[in-house]
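Asks: Got a structure for you, run.txt, holding compact mmCIF, C-alpha atoms and all ligand atoms.
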```
# COMPACT_ATOMS: atom_id res chain seq x y z
CA MET V 1 7.66 29.18 2.16
CA ASN V 2 10.00 26.88 0.30
CA ASN V 3 11.12 28.07 -3.09
CA ILE V 4 9.66 25.52 -5.53
CA SER V 5 10.11 27.46 -8.77
CA VAL V 6 11.85 24.60 -10.62
CA SER V 7 9.06 22.17 -9.60
CA LYS V 8 6.49 24.69 -10.86
CA ALA V 9 8.24 25.02 -14.22
CA LEU V 10 8.58 21.25 -14.57
CA PHE V 11 4.92 20.72 -13.69
CA SER V 12 3.72 23.05 -16.43
CA LYS V 13 6.07 21.41 -18.93
CA ALA V 14 4.95 17.93 -17.82
CA GLN V 15 1.30 18.75 -18.50
CA GLU V 16 2.07 19.29 -22.17
CA SER V 17 3.02 15.67 -22.70
CA ILE V 18 1.77 13.59 -19.73
CA PRO V 19 -1.93 13.46 -18.71
CA GLY V 20 -2.23 15.82 -15.75
CA GLY V 21 1.57 16.01 -15.64
CA VAL V 22 1.96 12.76 -13.70
CA ASN V 23 2.18 9.03 -14.32
CA SER V 24 -0.01 8.14 -11.31
CA PRO V 25 -2.89 10.42 -10.25
CA VAL V 26 -2.29 10.92 -6.50
CA ARG V 27 1.12 12.44 -7.26
CA ALA V 28 -0.58 15.47 -8.82
CA PHE V 29 -1.58 16.99 -5.42
CA LYS V 30 -5.01 17.62 -6.92
CA SER V 31 -6.94 16.97 -3.71
CA VAL V 32 -4.64 19.05 -1.52
CA GLY V 33 -4.06 21.71 -4.18
CA GLY V 34 -0.77 23.33 -5.14
CA THR V 35 2.15 22.13 -7.22
CA PRO V 36 3.54 18.61 -6.99
CA ILE V 37 7.16 18.56 -5.86
CA PHE V 38 9.56 17.06 -8.39
CA MET V 39 12.25 14.94 -6.78
CA GLN V 40 15.95 14.94 -7.59
CA LYS V 41 17.22 12.24 -5.23
CA ALA V 42 16.70 10.68 -1.83
CA LYS V 43 18.85 9.12 0.88
CA GLY V 44 17.70 7.37 4.03
CA ALA V 45 14.64 9.18 5.41
CA TYR V 46 15.11 12.32 3.30
CA LEU V 47 13.82 13.43 -0.07
CA TYR V 48 15.57 16.22 -1.99
CA ASP V 49 13.61 18.15 -4.60
CA VAL V 50 14.79 19.84 -7.80
CA ASP V 51 14.91 23.21 -6.00
CA GLY V 52 17.27 21.85 -3.37
CA ASN V 53 14.72 21.55 -0.53
CA GLN V 54 14.97 18.64 1.89
CA TYR V 55 11.95 16.76 3.26
CA ILE V 56 11.45 14.11 5.92
CA ASP V 57 9.69 11.35 3.98
CA TYR V 58 6.52 9.69 5.29
CA ILE V 59 5.48 7.89 2.13
CA ALA V 60 8.58 5.78 1.46
CA SER V 61 7.55 5.47 -2.21
CA TRP V 62 4.20 4.24 -0.80
CA GLY V 63 5.96 1.51 1.13
CA PRO V 64 9.00 -0.02 -0.57
CA MET V 65 11.64 2.16 1.12
CA ILE V 66 11.04 0.47 4.45
CA LEU V 67 14.76 0.69 5.30
CA GLY V 68 15.20 4.14 3.77
CA HIS V 69 16.07 5.38 0.29
CA ALA V 70 19.15 4.32 -1.66
CA TYR V 71 19.71 1.51 0.83
CA GLY V 72 23.35 0.46 0.36
CA PRO V 73 23.02 -3.32 -0.20
CA VAL V 74 20.11 -2.86 -2.64
CA VAL V 75 21.94 -0.22 -4.70
CA LYS V 76 25.05 -2.40 -4.83
CA ALA V 77 23.09 -5.49 -5.92
CA ILE V 78 21.31 -3.58 -8.69
CA GLN V 79 24.59 -2.18 -9.98
CA GLU V 80 26.25 -5.59 -10.00
CA TYR V 81 23.40 -7.39 -11.76
CA ALA V 82 22.69 -4.61 -14.29
CA ALA V 83 26.11 -5.26 -15.78
CA TYR V 84 25.13 -8.88 -16.62
CA SER V 85 22.04 -7.73 -18.63
CA THR V 86 18.81 -6.13 -17.56
CA SER V 87 16.58 -8.91 -18.96
CA TYR V 88 16.82 -12.30 -20.67
CA GLY V 89 13.28 -13.46 -21.42
CA ALA V 90 14.42 -16.83 -20.09
CA PRO V 91 14.44 -18.25 -16.56
CA THR V 92 17.15 -17.44 -14.02
CA GLU V 93 18.16 -19.01 -10.70
CA LEU V 94 17.35 -15.69 -9.01
CA GLU V 95 13.65 -16.34 -9.54
CA ILE V 96 13.90 -19.60 -7.58
CA LYS V 97 15.80 -17.88 -4.77
CA MET V 98 13.16 -15.14 -4.61
CA ALA V 99 10.27 -17.63 -4.57
CA GLU V 100 11.95 -19.74 -1.87
CA LEU V 101 12.67 -16.66 0.23
CA ILE V 102 9.06 -15.47 0.04
CA LYS V 103 7.81 -18.96 0.93
CA SER V 104 10.11 -19.00 3.96
CA MET V 105 8.63 -15.70 5.16
CA ALA V 106 4.96 -15.81 4.18
CA PRO V 107 2.37 -18.28 5.51
CA ASN V 108 0.18 -20.31 3.11
CA VAL V 109 2.34 -19.84 0.03
CA ASP V 110 3.31 -23.09 -1.74
CA LEU V 111 3.52 -21.62 -5.22
CA ILE V 112 4.12 -18.00 -6.15
CA ARG V 113 4.14 -16.19 -9.50
CA MET V 114 6.02 -12.92 -9.96
CA VAL V 115 4.46 -10.03 -11.89
CA SER V 116 5.36 -6.36 -12.35
CA SER V 117 2.86 -4.48 -10.18
CA GLY V 118 0.31 -4.82 -7.41
CA THR V 119 -2.44 -4.28 -9.95
CA GLU V 120 -1.29 -7.27 -11.98
CA ALA V 121 -1.03 -9.39 -8.84
CA CYS V 122 -4.62 -8.65 -7.73
CA MET V 123 -6.04 -8.93 -11.24
CA SER V 124 -4.38 -12.33 -11.67
CA ALA V 125 -5.44 -13.55 -8.21
CA ILE V 126 -9.13 -13.04 -8.99
CA ARG V 127 -8.71 -14.76 -12.35
CA VAL V 128 -7.21 -17.73 -10.49
CA ALA V 129 -10.07 -17.67 -7.98
CA ARG V 130 -12.64 -17.60 -10.77
CA GLY V 131 -10.87 -20.36 -12.68
CA TYR V 132 -10.52 -22.52 -9.60
CA THR V 133 -14.11 -22.12 -8.33
CA SER V 134 -15.84 -21.79 -11.73
CA ARG V 135 -17.74 -18.83 -10.25
CA ASN V 136 -17.86 -15.25 -11.54
CA LYS V 137 -18.54 -12.77 -8.78
CA ILE V 138 -16.19 -11.22 -6.25
CA ILE V 139 -16.80 -9.22 -3.08
CA LYS V 140 -14.62 -6.20 -2.38
CA PHE V 141 -14.89 -3.51 0.29
CA GLU V 142 -15.72 0.16 -0.25
CA GLY V 143 -12.57 2.26 0.00
CA CYS V 144 -10.22 -0.68 -0.49
CA TYR V 145 -7.89 -0.33 -3.47
CA HIS V 146 -6.62 -3.36 -5.35
CA GLY V 147 -5.04 -1.62 -8.32
CA HIS V 148 -6.65 -0.22 -11.44
CA ALA V 149 -7.93 -3.39 -13.14
CA ASP V 150 -11.56 -3.05 -14.30
CA SER V 151 -13.05 -5.35 -11.66
CA PHE V 152 -11.64 -3.27 -8.80
CA LEU V 153 -12.70 0.21 -9.90
CA VAL V 154 -16.00 -0.08 -8.08
CA LYS V 155 -16.14 2.05 -4.92
CA ALA V 156 -12.35 2.01 -4.82
CA GLY V 157 -10.01 3.82 -2.43
CA SER V 158 -6.73 5.67 -3.02
CA GLY V 159 -6.84 8.02 -6.03
CA VAL V 160 -10.38 6.97 -6.98
CA ALA V 161 -11.55 8.15 -3.55
CA THR V 162 -9.21 11.14 -3.52
CA PHE V 163 -10.70 12.47 -6.75
CA ASN V 164 -14.24 11.45 -5.77
CA ILE V 165 -14.73 9.40 -8.94
CA GLN V 166 -18.10 7.63 -8.56
CA SER V 167 -17.94 5.36 -11.57
CA VAL V 168 -15.05 5.03 -13.98
CA PRO V 169 -15.85 5.62 -17.66
CA GLY V 170 -14.33 2.79 -19.68
CA VAL V 171 -15.25 0.09 -17.17
CA THR V 172 -18.22 -1.79 -18.61
CA ALA V 173 -21.42 -2.34 -16.63
CA GLY V 174 -20.98 -6.07 -17.21
CA VAL V 175 -17.65 -6.14 -15.42
CA SER V 176 -18.90 -3.92 -12.59
CA ALA V 177 -21.94 -6.17 -12.10
CA ASP V 178 -19.63 -9.01 -11.09
CA THR V 179 -18.07 -6.91 -8.32
CA LEU V 180 -20.22 -6.81 -5.19
CA THR V 181 -19.29 -4.33 -2.48
CA CYS V 182 -19.80 -3.95 1.27
CA ALA V 183 -18.59 -1.50 3.88
CA TYR V 184 -15.23 -2.43 5.45
CA ASN V 185 -15.70 -4.07 8.85
CA ASP V 186 -19.36 -4.91 8.11
CA LEU V 187 -19.43 -8.65 8.51
CA GLU V 188 -23.21 -8.83 8.50
CA ALA V 189 -23.37 -7.26 5.03
CA VAL V 190 -20.90 -9.85 3.76
CA GLN V 191 -23.02 -12.61 5.23
CA GLN V 192 -26.09 -11.24 3.46
CA LEU V 193 -24.29 -11.00 0.11
CA ALA V 194 -22.96 -14.52 0.48
CA ALA V 195 -26.49 -15.76 1.19
CA SER V 196 -28.19 -13.86 -1.63
CA HIS V 197 -25.52 -14.93 -4.15
CA LYS V 198 -25.05 -18.50 -2.97
CA GLY V 199 -22.72 -20.48 -5.21
CA GLU V 200 -21.86 -17.41 -7.33
CA ILE V 201 -19.00 -15.84 -5.39
CA ALA V 202 -15.47 -16.87 -6.33
CA ALA V 203 -13.55 -14.70 -3.90
CA ILE V 204 -13.59 -12.08 -1.20
CA ILE V 205 -10.65 -9.72 -1.66
CA VAL V 206 -9.68 -7.51 1.26
CA GLU V 207 -6.86 -5.31 2.51
CA PRO V 208 -6.31 -7.04 5.89
CA VAL V 209 -5.34 -3.60 7.22
CA ALA V 210 -6.78 -0.95 4.93
CA GLY V 211 -4.36 1.72 3.76
CA ASN V 212 -6.15 3.36 0.87
CA MET V 213 -8.69 5.43 2.84
CA GLY V 214 -6.10 6.46 5.37
CA CYS V 215 -5.10 3.66 7.71
CA ILE V 216 -8.10 1.66 8.93
CA LEU V 217 -7.81 -1.36 11.18
CA PRO V 218 -9.91 -4.50 10.85
CA ALA V 219 -12.38 -4.65 13.76
CA PRO V 220 -11.82 -7.57 16.14
CA GLY V 221 -13.32 -10.66 14.53
CA PHE V 222 -13.76 -9.11 11.06
CA LEU V 223 -11.03 -11.05 9.25
CA GLU V 224 -11.82 -14.21 11.24
CA GLY V 225 -15.46 -13.77 10.23
CA LEU V 226 -14.51 -13.48 6.56
CA ARG V 227 -12.46 -16.65 6.93
CA SER V 228 -15.39 -18.61 8.28
CA ILE V 229 -17.86 -17.28 5.69
CA CYS V 230 -15.40 -18.31 2.97
CA ASP V 231 -15.03 -21.78 4.52
CA GLN V 232 -18.79 -22.24 4.74
CA GLU V 233 -19.54 -21.03 1.24
CA GLY V 234 -16.58 -22.42 -0.72
CA ILE V 235 -15.34 -18.87 -1.41
CA LEU V 236 -11.61 -18.11 -1.65
CA LEU V 237 -10.27 -15.47 0.74
CA ILE V 238 -7.72 -13.21 -0.96
CA PHE V 239 -5.59 -11.01 1.27
CA ASP V 240 -4.29 -8.07 -0.72
CA GLU V 241 -1.00 -7.62 1.11
CA VAL V 242 0.43 -5.18 -1.42
CA MET V 243 0.80 -2.65 1.42
CA THR V 244 0.97 -4.90 4.46
CA GLY V 245 3.19 -7.67 3.06
CA PHE V 246 6.72 -7.60 4.54
CA ARG V 247 5.73 -4.31 6.26
CA LEU V 248 3.67 -5.36 9.28
CA ALA V 249 5.74 -8.50 9.86
CA PRO V 250 8.02 -10.74 7.75
CA GLY V 251 4.87 -12.75 6.95
CA GLY V 252 2.65 -9.68 6.63
CA ALA V 253 -0.86 -9.38 8.04
CA GLN V 254 -1.42 -13.13 7.83
CA GLU V 255 1.35 -13.60 10.39
CA LEU V 256 0.61 -10.55 12.55
CA LEU V 257 -3.16 -11.01 12.73
CA LYS V 258 -3.08 -14.82 12.60
CA VAL V 259 -5.70 -15.29 9.91
CA ASP V 260 -5.00 -17.55 6.93
CA ALA V 261 -5.73 -16.50 3.36
CA ASP V 262 -6.25 -18.82 0.39
CA LEU V 263 -4.50 -16.48 -2.01
CA VAL V 264 -2.26 -13.55 -1.19
CA THR V 265 -0.99 -10.69 -3.33
CA TYR V 266 2.17 -8.65 -2.85
CA GLY V 267 3.69 -5.48 -4.27
CA LYS V 268 5.45 -2.37 -2.93
CA VAL V 269 8.03 -3.66 -0.34
CA ILE V 270 8.56 -6.89 -2.32
CA GLY V 271 10.47 -5.09 -5.08
CA ALA V 272 12.50 -2.60 -3.00
CA GLY V 273 11.32 0.16 -5.35
CA MET V 274 11.58 -1.82 -8.59
CA PRO V 275 8.31 -2.68 -10.39
CA VAL V 276 7.41 -6.01 -8.76
CA GLY V 277 4.25 -7.75 -7.61
CA ALA V 278 3.40 -11.37 -6.87
CA PHE V 279 0.46 -13.64 -6.18
CA GLY V 280 0.61 -16.98 -4.47
CA GLY V 281 -1.18 -19.53 -2.35
CA LYS V 282 -1.74 -23.18 -1.66
CA LYS V 283 -0.61 -25.61 -4.35
CA GLU V 284 -4.09 -26.99 -4.90
CA ILE V 285 -5.27 -23.55 -5.99
CA MET V 286 -2.16 -22.16 -7.66
CA GLN V 287 -1.74 -25.23 -9.87
CA VAL V 288 -4.50 -23.89 -12.12
CA VAL V 289 -2.02 -21.23 -13.33
CA ALA V 290 -0.49 -21.73 -16.81
CA PRO V 291 1.57 -23.57 -17.91
CA LEU V 292 0.71 -26.02 -15.09
CA GLY V 293 -3.02 -25.37 -15.57
CA SER V 294 -5.09 -23.44 -18.05
CA VAL V 295 -5.68 -20.12 -16.22
CA TYR V 296 -3.46 -18.02 -18.47
CA GLN V 297 -1.19 -15.38 -16.98
CA ALA V 298 2.13 -14.12 -18.35
CA GLY V 299 4.60 -11.23 -18.45
CA THR V 300 7.55 -10.38 -20.71
CA LEU V 301 9.41 -8.75 -17.82
CA SER V 302 7.97 -10.86 -14.98
CA GLY V 303 10.75 -12.04 -12.67
CA ASN V 304 13.08 -9.45 -14.19
CA PRO V 305 16.60 -10.09 -12.85
CA ILE V 306 17.23 -6.52 -11.64
CA ALA V 307 13.85 -6.41 -9.92
CA MET V 308 14.48 -9.86 -8.39
CA ILE V 309 17.90 -9.04 -6.99
CA ALA V 310 16.62 -5.75 -5.55
CA GLY V 311 13.65 -7.42 -3.85
CA TYR V 312 15.67 -10.44 -2.79
CA THR V 313 18.29 -8.26 -1.15
CA LEU V 314 15.74 -6.19 0.77
CA LEU V 315 13.62 -9.16 1.87
CA SER V 316 16.77 -11.02 2.98
CA GLU V 317 17.64 -8.10 5.26
CA LEU V 318 14.11 -8.07 6.67
CA LYS V 319 14.16 -11.81 7.24
CA SER V 320 17.57 -11.93 8.88
CA ASN V 321 16.84 -9.00 11.17
CA PRO V 322 13.22 -9.23 12.35
CA GLY V 323 14.08 -6.71 15.12
CA ILE V 324 13.50 -4.12 12.37
CA TYR V 325 9.75 -4.57 12.81
CA LYS V 326 9.95 -3.85 16.52
CA GLU V 327 12.06 -0.75 15.86
CA LEU V 328 9.60 0.47 13.22
CA GLU V 329 6.69 -0.07 15.54
CA GLU V 330 8.42 1.73 18.42
CA LYS V 331 9.13 4.69 16.17
CA THR V 332 5.53 4.78 15.00
CA LEU V 333 4.19 4.56 18.55
CA TYR V 334 6.54 7.37 19.58
CA LEU V 335 5.23 9.49 16.70
CA LYS V 336 1.66 8.65 17.58
CA LYS V 337 2.13 9.61 21.23
CA GLY V 338 3.72 12.93 20.28
CA LEU V 339 1.03 13.71 17.70
CA ASP V 340 -1.63 12.84 20.25
CA GLU V 341 -0.14 15.35 22.69
CA VAL V 342 0.01 18.29 20.29
CA LEU V 343 -3.38 17.51 18.71
CA ALA V 344 -5.06 17.17 22.12
CA ALA V 345 -3.57 20.53 23.14
CA TRP V 346 -5.03 22.04 19.95
CA GLY V 347 -8.47 20.92 21.08
CA GLN V 348 -10.24 20.15 17.79
CA PRO V 349 -11.46 16.63 16.87
CA TYR V 350 -9.01 14.21 15.32
CA VAL V 351 -8.49 10.45 15.01
CA ILE V 352 -5.16 8.66 14.71
CA ASN V 353 -5.29 5.08 13.41
CA GLN V 354 -2.12 3.04 13.57
CA LEU V 355 -0.82 -0.49 13.27
CA GLY V 356 2.88 -1.35 13.06
CA SER V 357 4.50 1.25 10.79
CA MET V 358 1.23 2.34 9.18
CA ILE V 359 -0.46 5.43 10.63
CA SER V 360 -2.78 8.24 9.55
CA ILE V 361 -4.63 11.25 10.91
CA HIS V 362 -8.24 12.06 10.10
CA PHE V 363 -9.85 15.27 11.36
CA SER V 364 -13.03 13.68 12.62
CA GLU V 365 -15.18 13.43 15.70
CA GLN V 366 -16.26 9.85 15.03
CA ALA V 367 -14.04 6.79 14.84
CA ILE V 368 -12.67 6.06 11.34
CA THR V 369 -13.66 2.47 10.64
CA ASP V 370 -14.77 2.45 7.00
CA PHE V 371 -15.03 4.48 3.82
CA ALA V 372 -18.12 6.43 4.95
CA SER V 373 -16.45 7.66 8.14
CA ALA V 374 -13.19 8.45 6.28
CA GLY V 375 -15.15 10.41 3.68
CA ALA V 376 -17.08 12.34 6.34
CA ALA V 377 -13.88 13.61 8.00
CA ASN V 378 -12.76 17.21 7.50
CA ASN V 379 -10.48 16.47 4.55
CA ALA V 380 -10.18 20.17 3.61
CA ARG V 381 -8.45 20.59 6.96
CA PHE V 382 -6.12 17.71 6.06
CA ALA V 383 -5.18 19.57 2.85
CA LYS V 384 -4.18 22.65 4.88
CA TYR V 385 -2.25 20.49 7.33
CA PHE V 386 -0.47 18.77 4.43
CA HIS V 387 0.74 22.08 2.97
CA ALA V 388 1.71 23.55 6.33
CA MET V 389 3.84 20.44 6.93
CA LEU V 390 5.32 20.49 3.43
CA ASN V 391 6.44 24.07 4.05
CA ARG V 392 8.21 22.83 7.14
CA GLY V 393 10.07 20.16 5.18
CA ILE V 394 7.82 17.23 6.02
CA TYR V 395 6.40 15.18 3.17
CA LEU V 396 3.10 13.48 4.11
CA PRO V 397 0.87 11.60 1.66
CA PRO V 398 -0.93 14.25 -0.43
CA SER V 399 -4.38 12.88 0.46
CA ALA V 400 -6.29 11.92 3.60
CA PHE V 401 -7.19 8.69 1.75
CA GLU V 402 -3.66 7.30 2.09
CA SER V 403 -1.72 5.72 4.91
CA TRP V 404 1.62 7.15 6.00
CA PHE V 405 4.51 4.66 5.88
CA LEU V 406 7.43 4.94 8.28
CA ASN V 407 10.89 3.87 7.23
CA ASN V 408 13.58 2.65 9.60
CA ALA V 409 16.04 5.38 8.64
CA LEU V 410 13.86 7.90 10.53
CA THR V 411 15.59 9.14 13.68
CA LYS V 412 14.05 10.28 16.95
CA GLU V 413 15.05 13.78 15.93
CA ASP V 414 13.06 13.47 12.67
CA LEU V 415 10.04 12.28 14.64
CA ASP V 416 10.39 15.12 17.16
CA LYS V 417 10.56 17.63 14.30
CA THR V 418 7.41 16.12 12.82
CA ILE V 419 5.56 16.33 16.14
CA GLN V 420 6.69 19.90 16.76
CA ALA V 421 5.76 20.94 13.21
CA THR V 422 2.31 19.44 13.67
CA GLY V 423 1.84 21.52 16.82
CA GLU V 424 2.88 24.67 14.91
CA CYS V 425 0.58 23.81 11.98
CA MET V 426 -2.40 23.36 14.27
CA ALA V 427 -1.80 26.78 15.80
CA GLU V 428 -1.77 28.14 12.22
CA LEU V 429 -4.96 26.41 10.97
C1 LIG V 501 -0.75 0.06 -4.26
C2 LIG V 501 -1.76 -0.99 -4.09
C3 LIG V 501 -2.16 -1.81 -5.15
C4 LIG V 501 -1.72 -1.57 -6.57
O1 LIG V 501 -0.35 -1.75 -6.73
P1 LIG V 501 0.36 -1.06 -8.02
O2 LIG V 501 1.76 -1.55 -7.93
O3 LIG V 501 0.20 0.42 -7.82
O4 LIG V 501 -0.33 -1.53 -9.22
C5 LIG V 501 -3.00 -2.87 -4.89
N1 LIG V 501 -3.44 -3.11 -3.64
C6 LIG V 501 -3.10 -2.34 -2.60
C7 LIG V 501 -3.59 -2.67 -1.23
C8 LIG V 501 -2.27 -1.25 -2.79
O5 LIG V 501 -1.97 -0.46 -1.77
```
As structure tokens, please, write out the structure in this file.

Replies:
Amino acid sequence: MNNISVSKALFSKAQESIPGGVNSPVRAFKSVGGTPIFMQKAKGAYLYDVDGNQYIDYIASWGPMILGHAYGPVVKAIQEYAAYSTSYGAPTELEIKMAELIKSMAPNVDLIRMVSSGTEACMSAIRVARGYTSRNKIIKFEGCYHGHADSFLVKAGSGVATFNIQSVPGVTAGVSADTLTCAYNDLEAVQQLAASHKGEIAAIIVEPVAGNMGCILPAPGFLEGLRSICDQEGILLIFDEVMTGFRLAPGGAQELLKVDADLVTYGKVIGAGMPVGAFGGKKEIMQVVAPLGSVYQAGTLSGNPIAMIAGYTLLSELKSNPGIYKELEEKTLYLKKGLDEVLAAWGQPYVINQLGSMISIHFSEQAITDFASAGAANNARFAKYFHAMLNRGIYLPPSAFESWFLNNALTKEDLDKTIQATGECMAEL
């Protein structure tokens, strides 16, 4: 057992002044039980907690640390720009450079607006879709998470799923009524909704690879099917690439899976760990955004210079060295193969879903293709696995309803340790 006495003391102190002791629910370890680990620092693939324990990191701050923590060029850029001022409330050239860089990497982005989180990006994208189409309703998928804006807290994934929250008090029935839901990968259900709400649906928003109910891949033809329903019905297709953007490929899931979105949202990797999100799309649609159009959207700290230079520096590295994506995928496939070997030897049912550097394990007999199958898995077993791994210095997401994210600082030795530890944990469970 690791000594985590300082984390324990901090967690009780935190609960006196922060709801549940954390500023984002999944961090509280509530679904896996136990005490959340308070971090002191991190470097490369390793986290160091306040008790001096080291962990191999498989969450990468939920994505942004794709090249590892405290990545040299990013740290240097932040330090340099912080000295000029941390915010102006007036435009800077950096914002143009960032927008141009994103446009050079991402398909179907003519205009892009920076915001401060993935939530803001998704919330703004549906406002744009509603403004552009003059329609009110949206379709989202059960178990997909698009941030905590009211419209999305209907059958949501991530923490909402982790804590089994069925309906969120504070979200009005009126708002929820405009959010229609279907099972992920169920194209027929989408078709039916589109037919029964003809002319009412502004947008379909989807995680092109779902990461908020564990990692779940789009079935062959699913995204293409959404594209054609949208084309037929005059609905906008929004890809929420907050997880997949700049992670699966320089141009995200749109590039990797070769399906075009009308609007796309970004977060996580885009800010290199600073609070950044963005939404963008074709000029014809994005020109409704204020001050060009009348769909109002704004932010005092949007395009913040420190956030921009951090994101710009990271994205530049990813763009100039696309071999990174191959390396990340090879590492993830190596991990998957090793996990498969030790889990098969253990002999109990399990499912590993993986694409690029996103991967997750569900303890399940049936394939994990949607929220119902993810929810039916043995998630109590995942909680035990999580703690057994944590004790061995391996930090997995503290919920089966989250994807793992590999970072490119991970070495073969780290991966071997993770595989071996999984074998040991299974013998223990
Ligand atoms: C994390 C996430 C969000 C929300 O982003 P925040 O920065 O936490 O507001 C939205 N969509 C997806 C797919 C996400 O994974």

Asks: Neighbouring residues of range 300-311 of chain V were defined as those with any atom within 10 Å, considering only C-alpha atoms; residues of the same chain fewer than 6 positions away were excluded. Please report them as a PyMOL selection string.

Replies: chain V and resi 64+73-99+113-117+268-278+317

Asks: Quick check, in Å to one decimal: how far apart do CA of Leu415 in chain V and CA of Phe382 in chain V lie?

Replies: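 CA of Phe382 in chain V lies 19.1 Å from CA of Leu415 in chain V.
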
Asks: For ligand LIG 501 (chain V), which of V:Ala383, V:Ile359, V:Val6, V:Val206 is the closest residue, counting all atoms listed in the file?

Replies: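 Closest to ligand LIG 501 (chain V) of all the choices is V:Val206.
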
Asks: Write out as a PyMOL selection string each polymer residue whose atoms come within 9 Å of range 49-59 of chain V, counting all atoms listed in the file; drop sequence neighbours fewer than 2 positions from it.

Replies: chain V and resi 2-7+37-42+44-47+61-63+65+390+392-397+403-407+410+414+418

Asks: Using all atoms listed in the file, I'd like a table of the residues in chain V that come within 7 Å of ligand LIG 501 (chain V); for each, show the closest atom pair and its distance in Å rounded to one decimal, ordered by chain and ascending number, as a Markdown table.

Replies:
```
| residue | atom | partner | partner_atom | distance |
| --- | --- | --- | --- | --- |
| V:Ser117 | CA | V:LIG501 | O2 | 3.9 |
| V:Gly118 | CA | V:LIG501 | O1 | 3.2 |
| V:Thr119 | CA | V:LIG501 | O4 | 3.5 |
| V:Glu120 | CA | V:LIG501 | O4 | 6.4 |
| V:Cys122 | CA | V:LIG501 | C5 | 6.6 |
| V:Cys144 | CA | V:LIG501 | C7 | 7.0 |
| V:Tyr145 | CA | V:LIG501 | N1 | 5.2 |
| V:His146 | CA | V:LIG501 | N1 | 3.6 |
| V:Gly147 | CA | V:LIG501 | C4 | 3.8 |
| V:His148 | CA | V:LIG501 | O4 | 6.8 |
| V:Glu207 | CA | V:LIG501 | C7 | 5.6 |
| V:Gly211 | CA | V:LIG501 | O5 | 6.4 |
| V:Asn212 | CA | V:LIG501 | O5 | 6.2 |
| V:Asp240 | CA | V:LIG501 | C7 | 5.5 |
| V:Glu241 | CA | V:LIG501 | C7 | 6.1 |
| V:Val242 | CA | V:LIG501 | C6 | 4.7 |
| V:Met243 | CA | V:LIG501 | O5 | 4.8 |
| V:Gly267 | CA | V:LIG501 | O2 | 5.7 |
| V:Lys268 | CA | V:LIG501 | O2 | 6.3 |
| V:Gly277 | CA | V:LIG501 | O2 | 6.7 |
```

Asks: Restricting the calculation to all atoms listed in the file, which member of V:Cys182, V:Ala106, V:Ile419, V:Ala427 is positioned closest to Gly251 in chain V?

Replies: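 With all atoms listed in the file as the atom set, the closest residue is V:Ala106.
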
Asks: To one decimal in Å, tell me the separation between CA of Thr181 in chain V and CA of Leu193 in chain V.

Replies: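 Spanning CA of Thr181 in chain V to CA of Leu193 in chain V is a straight-line distance of 8.7 Å.
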
Asks: Determine the nearest neighbour of Gly323 in chain V from the options V:Ala344, V:Ala372, V:Leu111, V:Ala249, counting all atoms listed in the file.

Replies: V:Ala249

Asks: Which residues of range 87-189 of chain V come within 12 Å of range 9-30 of chain V, and for each one, what is the closest pair of atoms and their distance in Å to one decimal, counting only C-alpha atoms, sorted by chain and residue number, as a tab-separated table?

Replies:
```
residue	atom	partner	partner_atom	distance
V:Gly147	CA	V:Ser24	CA	11.4
V:His148	CA	V:Ser24	CA	10.7
V:Gly157	CA	V:Val26	CA	11.3
V:Ser158	CA	V:Val26	CA	7.7
V:Gly159	CA	V:Val26	CA	5.4
V:Val160	CA	V:Pro25	CA	8.9
V:Ala161	CA	V:Val26	CA	10.1
V:Thr162	CA	V:Val26	CA	7.5
V:Phe163	CA	V:Lys30	CA	7.7
V:Asn164	CA	V:Lys30	CA	11.2
V:Ile165	CA	V:Pro25	CA	12.0
```

Asks: Please measure the separation of CA of Leu429 in chain V and CA of Ile361 in chain V, giving the value in Å to one decimal.

Replies: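 Spanning CA of Leu429 in chain V to CA of Ile361 in chain V is a straight-line distance of 15.2 Å.
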
Asks: Between V:Val128, V:Leu101, V:Val168, V:Ala421, which residue has the minimum interatomic distance to Val154 in chain V, considering all atoms listed in the file?

Replies: V:Val168

Asks: For range 133-141 of chain V, I'd like the enclosing box, axis-aligned and padded by 5 Å on every side, reported as JSON with centre and edge lengths in Å to one decimal.

Replies:
```
{"center_x": -16.3, "center_y": -12.8, "center_z": -5.7, "size_x": 14.4, "size_y": 28.6, "size_z": 22.0}
```

Asks: Calculated over all atoms listed in the file, which of the candidates V:Phe141, V:Tyr334, V:Phe246, V:Phe222 has the smallest distance to Ile205 in chain V?

Replies: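 For Ile205 in chain V, the nearest of the given residues is V:Phe141.
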